[in-house]
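Structure below is my_file37.txt: compact mmCIF, C-alpha atoms.
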# COMPACT_ATOMS: atom_id res chain seq x y z
CA MET O 1 -95.44 -7.31 126.07
CA ASN O 2 -92.63 -6.78 123.54
CA ASN O 3 -90.42 -5.31 126.27
CA ILE O 4 -90.77 -8.36 128.49
CA LEU O 5 -90.13 -10.69 125.56
CA SER O 6 -86.92 -8.76 124.90
CA PHE O 7 -86.02 -9.14 128.57
CA PHE O 8 -86.59 -12.90 128.33
CA GLN O 9 -84.37 -13.02 125.25
CA GLU O 10 -81.58 -11.06 126.92
CA SER O 11 -81.81 -13.23 130.04
CA SER O 12 -81.71 -16.38 127.94
CA GLU O 13 -78.69 -15.25 125.95
CA ARG O 14 -76.80 -14.28 129.10
CA VAL O 15 -77.50 -17.61 130.80
CA GLU O 16 -76.84 -19.73 127.72
CA HIS O 17 -73.51 -18.01 127.10
CA PHE O 18 -72.52 -18.85 130.67
CA LEU O 19 -73.76 -22.45 130.51
CA ASP O 20 -72.21 -23.17 127.14
CA LYS O 21 -68.79 -22.90 128.76
CA LYS O 22 -69.79 -25.06 131.74
CA PHE O 23 -71.06 -28.03 129.75
CA VAL O 24 -68.06 -29.19 127.76
CA ASN O 25 -67.25 -32.89 127.48
CA SER O 26 -64.19 -33.83 129.50
CA SER O 27 -63.76 -37.51 128.59
CA ILE O 28 -64.19 -39.83 125.62
CA TYR O 29 -66.14 -42.08 127.97
CA THR O 30 -68.88 -39.56 128.76
CA VAL O 31 -69.53 -37.99 125.36
CA LYS O 32 -73.14 -39.17 125.22
CA LEU O 33 -73.78 -38.05 128.79
CA THR O 34 -72.68 -34.52 127.94
CA GLU O 35 -74.71 -34.61 124.73
CA GLY O 36 -77.79 -35.65 126.69
CA MET O 37 -77.34 -32.87 129.22
CA ARG O 38 -76.88 -30.25 126.51
CA TYR O 39 -79.76 -31.65 124.45
CA SER O 40 -82.30 -30.69 127.09
CA LEU O 41 -80.49 -27.68 128.51
CA PHE O 42 -80.29 -25.90 125.16
CA ALA O 43 -83.67 -27.04 123.81
CA GLY O 44 -85.16 -23.57 124.09
CA GLY O 45 -87.95 -22.52 126.39
CA LYS O 46 -88.82 -19.22 128.02
CA ARG O 47 -86.05 -19.28 130.65
CA LEU O 48 -88.65 -17.89 133.03
CA ARG O 49 -86.76 -18.76 136.22
CA PRO O 50 -83.49 -17.05 135.22
CA ALA O 51 -85.52 -14.05 134.08
CA LEU O 52 -87.11 -13.90 137.54
CA VAL O 53 -83.68 -13.99 139.17
CA TYR O 54 -82.56 -11.08 136.99
CA ALA O 55 -85.81 -9.14 137.44
CA SER O 56 -85.76 -9.33 141.23
CA TYR O 57 -82.04 -8.55 141.31
CA GLY O 58 -82.71 -5.62 138.96
CA ILE O 59 -84.72 -3.88 141.67
CA PHE O 60 -81.42 -3.28 143.46
CA SER O 61 -78.69 -3.37 140.78
CA ASP O 62 -78.13 -3.70 137.04
CA ASP O 63 -74.84 -5.63 137.22
CA TYR O 64 -76.47 -8.78 135.87
CA ASP O 65 -73.23 -10.70 135.38
CA TYR O 66 -72.87 -10.75 139.17
CA VAL O 67 -76.00 -12.86 139.62
CA THR O 68 -75.73 -14.98 136.45
CA PRO O 69 -74.39 -18.07 138.29
CA PHE O 70 -77.57 -18.10 140.39
CA ALA O 71 -79.77 -17.61 137.32
CA ALA O 72 -77.94 -20.38 135.48
CA ALA O 73 -78.08 -22.83 138.39
CA ILE O 74 -81.84 -22.57 138.78
CA GLU O 75 -82.34 -23.20 135.06
CA VAL O 76 -80.14 -26.29 135.31
CA ILE O 77 -82.30 -27.56 138.19
CA HIS O 78 -85.45 -26.89 136.17
CA THR O 79 -84.04 -28.78 133.18
CA TYR O 80 -83.16 -31.81 135.28
CA SER O 81 -86.72 -31.86 136.61
CA LEU O 82 -88.17 -31.84 133.09
CA ILE O 83 -86.01 -34.79 132.03
CA HIS O 84 -87.11 -36.83 135.03
CA ASP O 85 -90.76 -35.72 134.79
CA ASP O 86 -90.94 -37.08 131.23
CA LEU O 87 -89.68 -40.57 132.18
CA PRO O 88 -92.02 -43.56 131.74
CA ALA O 89 -92.19 -44.06 135.51
CA MET O 90 -93.28 -40.44 135.99
CA ASP O 91 -95.45 -38.57 133.46
CA ASN O 92 -94.42 -40.77 130.50
CA ASP O 93 -94.19 -37.93 127.98
CA ASP O 94 -92.40 -38.52 124.69
CA MET O 95 -92.22 -34.88 123.55
CA ARG O 96 -90.78 -31.78 125.19
CA ARG O 97 -90.36 -28.33 123.63
CA GLY O 98 -91.28 -29.72 120.23
CA LYS O 99 -88.57 -32.40 120.31
CA PRO O 100 -88.40 -36.02 121.47
CA SER O 101 -88.03 -36.19 125.25
CA ASN O 102 -84.55 -36.96 126.54
CA HIS O 103 -85.26 -40.63 127.24
CA ILE O 104 -86.67 -41.06 123.73
CA ALA O 105 -83.60 -39.47 122.15
CA PHE O 106 -80.94 -41.08 124.35
CA GLY O 107 -82.49 -43.94 126.32
CA GLU O 108 -84.09 -44.19 129.74
CA ALA O 109 -80.95 -44.94 131.78
CA GLU O 110 -79.06 -42.21 129.96
CA ALA O 111 -81.84 -39.71 130.67
CA ILE O 112 -81.83 -40.55 134.38
CA LEU O 113 -78.07 -40.02 134.53
CA ALA O 114 -78.27 -36.78 132.53
CA GLY O 115 -80.83 -35.49 135.03
CA ASP O 116 -78.70 -36.60 137.98
CA ALA O 117 -75.67 -34.86 136.51
CA LEU O 118 -77.60 -31.64 135.90
CA LEU O 119 -78.89 -31.61 139.47
CA THR O 120 -75.42 -31.87 140.94
CA LYS O 121 -73.99 -29.46 138.34
CA ALA O 122 -76.34 -26.76 139.58
CA PHE O 123 -74.82 -26.88 143.05
CA GLU O 124 -71.32 -26.98 141.58
CA ILE O 125 -72.11 -23.74 139.75
CA MET O 126 -73.60 -22.12 142.85
CA SER O 127 -70.62 -22.97 145.05
CA ASP O 128 -67.81 -22.33 142.55
CA TYR O 129 -65.83 -19.31 143.77
CA THR O 130 -64.02 -19.01 140.44
CA VAL O 131 -67.19 -18.08 138.55
CA SER O 132 -68.59 -15.74 141.21
CA PRO O 133 -65.69 -14.53 143.39
CA ASN O 134 -67.47 -11.34 144.47
CA ILE O 135 -70.49 -13.00 146.06
CA PRO O 136 -70.06 -12.98 149.87
CA ASP O 137 -69.85 -16.38 151.55
CA ASN O 138 -72.99 -15.88 153.65
CA ILE O 139 -75.07 -15.06 150.57
CA ARG O 140 -73.63 -17.99 148.62
CA VAL O 141 -74.36 -20.49 151.41
CA ASN O 142 -77.84 -19.05 151.94
CA ALA O 143 -78.55 -19.33 148.22
CA VAL O 144 -77.40 -22.95 148.06
CA TYR O 145 -79.54 -23.79 151.10
CA LYS O 146 -82.64 -22.12 149.66
CA LEU O 147 -82.22 -23.84 146.28
CA ALA O 148 -81.77 -27.22 147.97
CA LEU O 149 -84.99 -26.68 149.94
CA ALA O 150 -86.91 -25.59 146.86
CA ALA O 151 -85.69 -28.52 144.75
CA GLY O 152 -85.94 -31.33 147.31
CA ASP O 153 -88.52 -33.23 149.34
CA LEU O 154 -89.77 -30.02 150.96
CA GLY O 155 -90.27 -28.46 147.53
CA MET O 156 -90.29 -29.65 143.93
CA VAL O 157 -89.60 -33.35 144.53
CA GLY O 158 -92.16 -33.49 147.31
CA GLY O 159 -94.72 -31.89 145.01
CA GLN O 160 -93.95 -34.36 142.23
CA TYR O 161 -94.34 -37.25 144.66
CA ALA O 162 -97.72 -35.97 145.85
CA ASP O 163 -98.75 -35.45 142.22
CA ILE O 164 -98.00 -39.06 141.31
CA ALA O 165 -99.55 -40.43 144.50
CA ALA O 166 -102.75 -38.47 143.82
CA GLU O 167 -103.39 -39.92 140.35
CA GLY O 168 -106.83 -41.47 140.20
CA ARG O 169 -107.91 -39.97 143.52
CA LYS O 170 -110.57 -37.32 143.93
CA ALA O 171 -108.84 -33.96 143.80
CA THR O 172 -109.45 -31.42 146.55
CA SER O 173 -108.48 -27.76 146.66
CA GLU O 174 -106.06 -28.45 149.53
CA LEU O 175 -104.36 -31.29 147.64
CA VAL O 176 -104.03 -29.33 144.40
CA GLU O 177 -102.58 -26.30 146.17
CA PHE O 178 -100.09 -28.46 148.08
CA ILE O 179 -98.92 -30.18 144.90
CA HIS O 180 -98.46 -27.02 142.90
CA LYS O 181 -97.11 -24.88 145.74
CA ASN O 182 -94.29 -27.40 145.95
CA LYS O 183 -93.94 -28.85 142.46
CA THR O 184 -94.02 -25.53 140.60
CA ALA O 185 -94.19 -22.47 142.84
CA ALA O 186 -91.27 -23.46 145.11
CA LEU O 187 -88.67 -23.02 142.36
CA ILE O 188 -90.27 -19.81 141.08
CA GLU O 189 -90.34 -18.45 144.62
CA CYS O 190 -86.68 -19.45 144.96
CA ALA O 191 -85.78 -17.57 141.77
CA VAL O 192 -86.96 -14.21 143.09
CA TYR O 193 -85.41 -14.98 146.47
CA LEU O 194 -82.00 -15.58 144.87
CA GLY O 195 -82.17 -12.31 142.97
CA GLY O 196 -83.23 -10.50 146.11
CA ILE O 197 -80.49 -11.74 148.43
CA ALA O 198 -77.86 -11.21 145.73
CA GLY O 199 -79.09 -7.63 145.36
CA GLY O 200 -78.94 -6.92 149.09
CA ALA O 201 -82.66 -6.96 149.90
CA ASP O 202 -83.56 -6.58 153.57
CA ASP O 203 -85.78 -9.05 155.43
CA LYS O 204 -89.02 -7.21 154.68
CA GLN O 205 -88.17 -6.93 151.00
CA ILE O 206 -87.31 -10.63 150.88
CA GLU O 207 -90.72 -11.46 152.38
CA GLN O 208 -92.41 -9.36 149.70
CA LEU O 209 -90.43 -11.00 146.91
CA ILE O 210 -91.17 -14.47 148.28
CA SER O 211 -94.88 -13.63 148.38
CA PHE O 212 -94.73 -12.50 144.77
CA GLY O 213 -92.91 -15.67 143.73
CA ARG O 214 -95.31 -17.97 145.55
CA TYR O 215 -98.45 -16.48 144.03
CA ALA O 216 -96.92 -16.00 140.58
CA GLY O 217 -95.79 -19.64 140.68
CA LEU O 218 -99.26 -20.86 141.60
CA ALA O 219 -100.77 -18.76 138.80
CA PHE O 220 -98.22 -20.20 136.37
CA GLN O 221 -99.37 -23.72 137.24
CA VAL O 222 -103.06 -22.84 136.96
CA ILE O 223 -102.45 -21.50 133.45
CA ASP O 224 -100.42 -24.64 132.68
CA ASP O 225 -103.38 -26.79 133.73
CA ILE O 226 -105.72 -24.71 131.57
CA LEU O 227 -103.45 -24.86 128.50
CA ASP O 228 -103.26 -28.65 128.82
CA ILE O 229 -106.99 -28.62 128.04
CA THR O 230 -107.38 -25.69 125.66
CA SER O 231 -104.14 -25.55 123.64
CA SER O 232 -102.54 -27.81 121.03
CA SER O 233 -99.44 -30.00 120.98
CA GLU O 234 -97.99 -27.79 118.25
CA THR O 235 -98.34 -24.66 120.37
CA LEU O 236 -97.15 -26.18 123.65
CA GLY O 237 -94.41 -28.36 122.17
CA LYS O 238 -95.61 -31.31 124.29
CA ASN O 239 -98.51 -33.73 124.47
CA ILE O 240 -101.82 -32.26 125.62
CA GLN O 241 -104.62 -33.57 127.85
CA LYS O 242 -102.15 -35.80 129.67
CA ASP O 243 -103.48 -34.54 133.00
CA ILE O 244 -107.05 -35.50 132.15
CA ASN O 245 -106.06 -38.91 130.81
CA SER O 246 -103.94 -39.60 133.91
CA HIS O 247 -106.68 -38.34 136.25
CA LYS O 248 -104.27 -35.87 137.84
CA ALA O 249 -105.15 -33.37 140.54
CA THR O 250 -105.41 -30.06 138.67
CA TYR O 251 -107.10 -26.72 139.16
CA PRO O 252 -109.70 -27.28 136.40
CA ALA O 253 -110.53 -30.67 137.94
CA VAL O 254 -111.40 -28.93 141.21
CA TYR O 255 -112.69 -25.51 140.15
CA SER O 256 -113.81 -26.05 136.51
CA LEU O 257 -112.12 -24.29 133.61
CA GLU O 258 -113.72 -20.93 134.32
CA GLY O 259 -113.11 -21.27 138.04
CA ALA O 260 -109.45 -22.05 137.37
CA LYS O 261 -109.11 -18.87 135.30
CA ASN O 262 -110.56 -16.88 138.18
CA LYS O 263 -108.13 -18.57 140.56
CA ALA O 264 -105.18 -17.59 138.36
CA GLU O 265 -106.37 -13.98 138.33
CA GLN O 266 -106.63 -13.99 142.13
CA TYR O 267 -103.10 -15.36 142.48
CA ILE O 268 -101.66 -12.79 140.07
CA ASP O 269 -103.47 -9.99 141.88
CA LYS O 270 -101.92 -11.13 145.18
CA ALA O 271 -98.51 -11.43 143.52
CA CYS O 272 -98.64 -7.89 142.16
CA LYS O 273 -99.86 -6.41 145.44
CA SER O 274 -96.83 -7.95 147.15
CA LEU O 275 -94.61 -5.58 145.16
CA GLU O 276 -96.40 -2.28 145.83
CA SER O 277 -93.69 -0.88 148.10
CA PHE O 278 -91.05 -1.23 145.35
CA GLY O 279 -92.79 1.23 143.04
CA ASP O 280 -91.66 1.30 139.43
CA LYS O 281 -88.48 -0.62 140.30
CA ALA O 282 -90.63 -3.76 140.19
CA ASP O 283 -92.02 -3.05 136.71
CA THR O 284 -90.16 -5.97 135.14
CA LEU O 285 -91.53 -8.42 137.71
CA LEU O 286 -95.02 -7.00 137.15
CA SER O 287 -94.59 -7.48 133.40
CA ILE O 288 -93.58 -11.09 134.01
CA ALA O 289 -96.76 -11.55 136.07
CA GLU O 290 -98.78 -10.18 133.15
CA PHE O 291 -96.94 -12.54 130.79
CA ILE O 292 -97.78 -15.52 133.02
CA MET O 293 -101.49 -14.70 132.74
CA GLU O 294 -101.44 -14.12 128.99
CA ARG O 295 -99.04 -16.83 127.85
CA LYS O 296 -100.14 -19.35 125.24
CA SER O 297 -97.38 -21.90 125.71
Write-out of the structure in C-alpha cells:
Amino acid sequence: MNNILSFFQESSERVEHFLDKKFVNSSIYTVKLTEGMRYSLFAGGKRLRPALVYASYGIFSDDYDYVTPFAAAIEVIHTYSLIHDDLPAMDNDDMRRGKPSNHIAFGEAEAILAGDALLTKAFEIMSDYTVSPNIPDNIRVNAVYKLALAAGDLGMVGGQYADIAAEGRKATSELVEFIHKNKTAALIECAVYLGGIAGGADDKQIEQLISFGRYAGLAFQVIDDILDITSSSETLGKNIQKDINSHKATYPAVYSLEGAKNKAEQYIDKACKSLESFGDKADTLLSIAEFIMERKS
C-alpha cells in the first residue's frame, strides 16, 4: 500500500507543478475568479484520475511528462464537477476536502463561474500544442473527443442529472448502475483510456483498459456510498449521510450495506481480470484497484 501512496504523491506533485503555471491571474478584473479556481483545484485530494492516466500510460512508457497534459486536464474536469455538485441547487454541501465548499468561500455565482472556467480550461490544456507538441494530432483529437463524451450528457453530467431526478424515488439496481456508470465511472474509464492511447495501446488493449476503468469506477462509487454511511465527516472531509437524508439512489439502498460490499468486490474482481494479459506491467493499476477497495476516505 505504501508504494501506491507514493505513486499517488508523485502523480499529484507532477500534475500540480504543471497546473500551477496554467492558473495565473491575467487581469485585475478576474482576481477572485482565479482565486476561486485555484482554491478548489489545489485543495488536496487523492488525484486518483491523474494517477490512473499515469498508471495506464506506464504500461507502455515511463516518459510521464509526455502525458501530463492529459492527466492535468482530467483533474481539472473533476474539480469543476465537485464545485458544481456542492451547489445548493445540486447536492447542497457546505464542506469539501475539510474546507468550506467553493460557493461558501466565494459565493454561489462565483462558484458557478469558477466551475465553468475550469471546464473550458481543461479542453484548452488538452488542445494546446505548446504544452504537448509531441502528441500526434490524431491522438490529441481522439483524447479531446473521449473526454468530452465522458464529461457531458452521455457521461458525468447525464449521471448527475439522473441522480438528482431519482431523489425520493424507489431505487432499482438498473437505475443505480446507470447513475454511477455515468456520474463516476465514465471519468475513471476515460482516465485509463487517455493513458492507453497516449502510450500507443492497440484496440484490444484499449478495450481491456476501458473494462478495467469501468469496473474500478463502479467499485469506487460503491465504496463511496458505503463510506457515506460508515465513516465520519472528519475522515471524509465532507458531510456524511447526505445520500440517506436526500433519499438518493445508492448501492446500499438497493443491496444493503453487506450486499454493497459484495458488489464492490465483484466489480474489482472484474476490473483486475481485465488486465491479465498485461502481466506485471499492470501492477500499478492493480494496486490502485486494491486501494479503491481499502480506502477510508
Local residues around (-79.3, -17.1, 134.3), at most 7 Å away, using only C-alpha atoms, as an NGL selection string: :O and (11-12 or 14-15 or 50-51 or 68-72 or 75)
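Atom pair CA of Pro133 in chain O / CA of Phe60 in chain O: separated by 19.3 Å.
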Determine, counting only C-alpha atoms, which protein, DNA and RNA residues have an atom within 12 Å of an atom of range 182-185 of chain O; residues of the same chain fewer than 4 positions away are not included. Present the result as an mmCIF file with C-alpha atoms, in the frame of the given file.
data_model
loop_
_atom_site.group_PDB
_atom_site.id
_atom_site.type_symbol
_atom_site.label_atom_id
_atom_site.label_comp_id
_atom_site.auth_asym_id
_atom_site.auth_seq_id
_atom_site.Cartn_x
_atom_site.Cartn_y
_atom_site.Cartn_z
ATOM 1 C CA ARG O 49 -86.760 -18.760 136.220
ATOM 2 C CA HIS O 78 -85.450 -26.890 136.170
ATOM 3 C CA SER O 81 -86.720 -31.860 136.610
ATOM 4 C CA LEU O 82 -88.170 -31.840 133.090
ATOM 5 C CA ASP O 85 -90.760 -35.720 134.790
ATOM 6 C CA LEU O 149 -84.990 -26.680 149.940
ATOM 7 C CA ALA O 150 -86.910 -25.590 146.860
ATOM 8 C CA ALA O 151 -85.690 -28.520 144.750
ATOM 9 C CA GLY O 152 -85.940 -31.330 147.310
ATOM 10 C CA ASP O 153 -88.520 -33.230 149.340
ATOM 11 C CA LEU O 154 -89.770 -30.020 150.960
ATOM 12 C CA GLY O 155 -90.270 -28.460 147.530
ATOM 13 C CA MET O 156 -90.290 -29.650 143.930
ATOM 14 C CA VAL O 157 -89.600 -33.350 144.530
ATOM 15 C CA GLY O 158 -92.160 -33.490 147.310
ATOM 16 C CA GLY O 159 -94.720 -31.890 145.010
ATOM 17 C CA GLN O 160 -93.950 -34.360 142.230
ATOM 18 C CA TYR O 161 -94.340 -37.250 144.660
ATOM 19 C CA ALA O 162 -97.720 -35.970 145.850
ATOM 20 C CA ASP O 163 -98.750 -35.450 142.220
ATOM 21 C CA ILE O 164 -98.000 -39.060 141.310
ATOM 22 C CA LEU O 175 -104.360 -31.290 147.640
ATOM 23 C CA VAL O 176 -104.030 -29.330 144.400
ATOM 24 C CA GLU O 177 -102.580 -26.300 146.170
ATOM 25 C CA PHE O 178 -100.090 -28.460 148.080
ATOM 26 C CA GLU O 189 -90.340 -18.450 144.620
ATOM 27 C CA CYS O 190 -86.680 -19.450 144.960
ATOM 28 C CA ALA O 191 -85.780 -17.570 141.770
ATOM 29 C CA VAL O 192 -86.960 -14.210 143.090
ATOM 30 C CA ILE O 210 -91.170 -14.470 148.280
ATOM 31 C CA SER O 211 -94.880 -13.630 148.380
ATOM 32 C CA PHE O 212 -94.730 -12.500 144.770
ATOM 33 C CA GLY O 213 -92.910 -15.670 143.730
ATOM 34 C CA ARG O 214 -95.310 -17.970 145.550
ATOM 35 C CA TYR O 215 -98.450 -16.480 144.030
ATOM 36 C CA ALA O 216 -96.920 -16.000 140.580
ATOM 37 C CA GLY O 217 -95.790 -19.640 140.680
ATOM 38 C CA LEU O 218 -99.260 -20.860 141.600
ATOM 39 C CA ALA O 219 -100.770 -18.760 138.800
ATOM 40 C CA PHE O 220 -98.220 -20.200 136.370
ATOM 41 C CA GLN O 221 -99.370 -23.720 137.240
ATOM 42 C CA VAL O 222 -103.060 -22.840 136.960
ATOM 43 C CA ILE O 223 -102.450 -21.500 133.450
ATOM 44 C CA ASP O 224 -100.420 -24.640 132.680
ATOM 45 C CA ASP O 225 -103.380 -26.790 133.730
ATOM 46 C CA TYR O 267 -103.100 -15.360 142.480
ATOM 47 C CA ALA O 271 -98.510 -11.430 143.520
#
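Straight-line separation from CA of Arg97 in chain O to CA of Phe18 in chain O: 21.4 Å.
Remark: for Ile59 in chain O, the closest of the candidate residues O:Gly45, O:Pro136, O:Gly195, O:Gly168 is O:Gly195 (distances computed over all atoms listed in the file).
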If we count all atoms listed in the file and set the cut-off at 12 Å, which residues sit around Gly199 in chain O, ignoring sequence neighbours fewer than 6 positions away in its own chain? Please answer as a tab-separated table (two decimals) with C-alpha atoms, in the frame of the given file.
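What follows is the written file out_29.tsv:
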chain	number	residue	atom	x	y	z
O	53	VAL	CA	-83.68	-13.99	139.17
O	54	TYR	CA	-82.56	-11.08	136.99
O	55	ALA	CA	-85.81	-9.14	137.44
O	56	SER	CA	-85.76	-9.33	141.23
O	57	TYR	CA	-82.04	-8.55	141.31
O	58	GLY	CA	-82.71	-5.62	138.96
O	59	ILE	CA	-84.72	-3.88	141.67
O	60	PHE	CA	-81.42	-3.28	143.46
O	61	SER	CA	-78.69	-3.37	140.78
O	62	ASP	CA	-78.13	-3.70	137.04
O	63	ASP	CA	-74.84	-5.63	137.22
O	64	TYR	CA	-76.47	-8.78	135.87
O	65	ASP	CA	-73.23	-10.70	135.38
O	66	TYR	CA	-72.87	-10.75	139.17
O	67	VAL	CA	-76.00	-12.86	139.62
O	70	PHE	CA	-77.57	-18.10	140.39
O	135	ILE	CA	-70.49	-13.00	146.06
O	136	PRO	CA	-70.06	-12.98	149.87
O	139	ILE	CA	-75.07	-15.06	150.57
O	192	VAL	CA	-86.96	-14.21	143.09
O	193	TYR	CA	-85.41	-14.98	146.47
O	205	GLN	CA	-88.17	-6.93	151.00
O	206	ILE	CA	-87.31	-10.63	150.88
O	209	LEU	CA	-90.43	-11.00	146.91
Within 12 Å of Arg295 in chain O using all atoms listed in the file, minus same-chain residues under 3 positions, as a PyMOL selection string: chain O and resi 1+4-5+46+48+219-224+226-227+231+235-236+287-292
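Here CA of Tyr251 in chain O and CA of Ile229 in chain O stand 11.3 Å from one another.
Among the candidate residues O:Ala43, O:Ala282, O:Ala117, O:Ala260, the one lying nearest to Gln208 in chain O is O:Ala282, with distances computed using all atoms listed in the file.
Across O:Thr34, O:Thr120, O:Ser297, O:Asn134, the tightest approach to Thr230 in chain O is made by O:Ser297 when counting only C-alpha atoms.
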File for range 115-140 of chain O (N, CA and C atoms), as a PDB file, in the first residue's frame:
ATOM      1  N   GLY O 115     -16.359  27.004 -11.819  1.00  0.00           N
ATOM      2  CA  GLY O 115     -16.550  25.686 -12.427  1.00  0.00           C
ATOM      3  C   GLY O 115     -16.591  25.753 -13.937  1.00  0.00           C
ATOM      4  N   ASP O 116     -17.318  26.743 -14.466  1.00  0.00           N
ATOM      5  CA  ASP O 116     -17.381  26.923 -15.921  1.00  0.00           C
ATOM      6  C   ASP O 116     -15.987  27.132 -16.504  1.00  0.00           C
ATOM      7  N   ALA O 117     -15.207  27.978 -15.824  1.00  0.00           N
ATOM      8  CA  ALA O 117     -13.866  28.298 -16.317  1.00  0.00           C
ATOM      9  C   ALA O 117     -12.951  27.078 -16.268  1.00  0.00           C
ATOM     10  N   LEU O 118     -13.087  26.272 -15.223  1.00  0.00           N
ATOM     11  CA  LEU O 118     -12.280  25.053 -15.127  1.00  0.00           C
ATOM     12  C   LEU O 118     -12.633  24.068 -16.239  1.00  0.00           C
ATOM     13  N   LEU O 119     -13.914  23.930 -16.512  1.00  0.00           N
ATOM     14  CA  LEU O 119     -14.348  23.013 -17.568  1.00  0.00           C
ATOM     15  C   LEU O 119     -13.717  23.383 -18.905  1.00  0.00           C
ATOM     16  N   THR O 120     -13.786  24.649 -19.256  1.00  0.00           N
ATOM     17  CA  THR O 120     -13.231  25.067 -20.545  1.00  0.00           C
ATOM     18  C   THR O 120     -11.704  25.045 -20.527  1.00  0.00           C
ATOM     19  N   LYS O 121     -11.114  25.307 -19.356  1.00  0.00           N
ATOM     20  CA  LYS O 121      -9.653  25.280 -19.233  1.00  0.00           C
ATOM     21  C   LYS O 121      -9.107  23.884 -19.529  1.00  0.00           C
ATOM     22  N   ALA O 122      -9.853  22.875 -19.133  1.00  0.00           N
ATOM     23  CA  ALA O 122      -9.402  21.503 -19.376  1.00  0.00           C
ATOM     24  C   ALA O 122      -9.204  21.246 -20.863  1.00  0.00           C
ATOM     25  N   PHE O 123     -10.128  21.727 -21.671  1.00  0.00           N
ATOM     26  CA  PHE O 123     -10.017  21.496 -23.114  1.00  0.00           C
ATOM     27  C   PHE O 123      -8.973  22.413 -23.752  1.00  0.00           C
ATOM     28  N   GLU O 124      -8.742  23.565 -23.134  1.00  0.00           N
ATOM     29  CA  GLU O 124      -7.624  24.411 -23.577  1.00  0.00           C
ATOM     30  C   GLU O 124      -6.305  23.677 -23.377  1.00  0.00           C
ATOM     31  N   ILE O 125      -6.149  23.057 -22.205  1.00  0.00           N
ATOM     32  CA  ILE O 125      -4.926  22.311 -21.900  1.00  0.00           C
ATOM     33  C   ILE O 125      -4.741  21.141 -22.866  1.00  0.00           C
ATOM     34  N   MET O 126      -5.816  20.411 -23.109  1.00  0.00           N
ATOM     35  CA  MET O 126      -5.740  19.237 -23.986  1.00  0.00           C
ATOM     36  C   MET O 126      -5.344  19.600 -25.412  1.00  0.00           C
ATOM     37  N   SER O 127      -5.806  20.752 -25.878  1.00  0.00           N
ATOM     38  CA  SER O 127      -5.619  21.114 -27.286  1.00  0.00           C
ATOM     39  C   SER O 127      -4.436  22.040 -27.529  1.00  0.00           C
ATOM     40  N   ASP O 128      -3.734  22.434 -26.473  1.00  0.00           N
ATOM     41  CA  ASP O 128      -2.637  23.398 -26.587  1.00  0.00           C
ATOM     42  C   ASP O 128      -1.357  22.705 -27.076  1.00  0.00           C
ATOM     43  N   TYR O 129      -0.991  22.974 -28.310  1.00  0.00           N
ATOM     44  CA  TYR O 129       0.206  22.357 -28.891  1.00  0.00           C
ATOM     45  C   TYR O 129       1.486  22.774 -28.166  1.00  0.00           C
ATOM     46  N   THR O 130       1.480  23.953 -27.564  1.00  0.00           N
ATOM     47  CA  THR O 130       2.709  24.453 -26.944  1.00  0.00           C
ATOM     48  C   THR O 130       3.084  23.673 -25.688  1.00  0.00           C
ATOM     49  N   VAL O 131       2.101  23.041 -25.035  1.00  0.00           N
ATOM     50  CA  VAL O 131       2.414  22.287 -23.821  1.00  0.00           C
ATOM     51  C   VAL O 131       2.606  20.797 -24.108  1.00  0.00           C
ATOM     52  N   SER O 132       2.192  20.356 -25.285  1.00  0.00           N
ATOM     53  CA  SER O 132       2.366  18.935 -25.638  1.00  0.00           C
ATOM     54  C   SER O 132       2.626  18.803 -27.132  1.00  0.00           C
ATOM     55  N   PRO O 133       3.728  19.387 -27.622  1.00  0.00           N
ATOM     56  CA  PRO O 133       3.980  19.408 -29.069  1.00  0.00           C
ATOM     57  C   PRO O 133       4.249  18.041 -29.679  1.00  0.00           C
ATOM     58  N   ASN O 134       4.613  17.051 -28.867  1.00  0.00           N
ATOM     59  CA  ASN O 134       4.978  15.743 -29.411  1.00  0.00           C
ATOM     60  C   ASN O 134       3.800  14.777 -29.533  1.00  0.00           C
ATOM     61  N   ILE O 135       2.647  15.161 -29.025  1.00  0.00           N
ATOM     62  CA  ILE O 135       1.480  14.287 -29.133  1.00  0.00           C
ATOM     63  C   ILE O 135       0.895  14.395 -30.536  1.00  0.00           C
ATOM     64  N   PRO O 136       0.777  13.300 -31.264  1.00  0.00           N
ATOM     65  CA  PRO O 136       0.235  13.344 -32.631  1.00  0.00           C
ATOM     66  C   PRO O 136      -1.191  13.894 -32.661  1.00  0.00           C
ATOM     67  N   ASP O 137      -1.530  14.552 -33.765  1.00  0.00           N
ATOM     68  CA  ASP O 137      -2.839  15.197 -33.879  1.00  0.00           C
ATOM     69  C   ASP O 137      -3.987  14.215 -33.695  1.00  0.00           C
ATOM     70  N   ASN O 138      -3.868  13.020 -34.271  1.00  0.00           N
ATOM     71  CA  ASN O 138      -4.982  12.070 -34.174  1.00  0.00           C
ATOM     72  C   ASN O 138      -5.218  11.622 -32.737  1.00  0.00           C
ATOM     73  N   ILE O 139      -4.155  11.480 -31.969  1.00  0.00           N
ATOM     74  CA  ILE O 139      -4.293  11.100 -30.562  1.00  0.00           C
ATOM     75  C   ILE O 139      -4.886  12.254 -29.762  1.00  0.00           C
ATOM     76  N   ARG O 140      -4.425  13.461 -30.040  1.00  0.00           N
ATOM     77  CA  ARG O 140      -4.934  14.637 -29.331  1.00  0.00           C
ATOM     78  C   ARG O 140      -6.443  14.800 -29.563  1.00  0.00           C
TER      79      ARG O 140
END
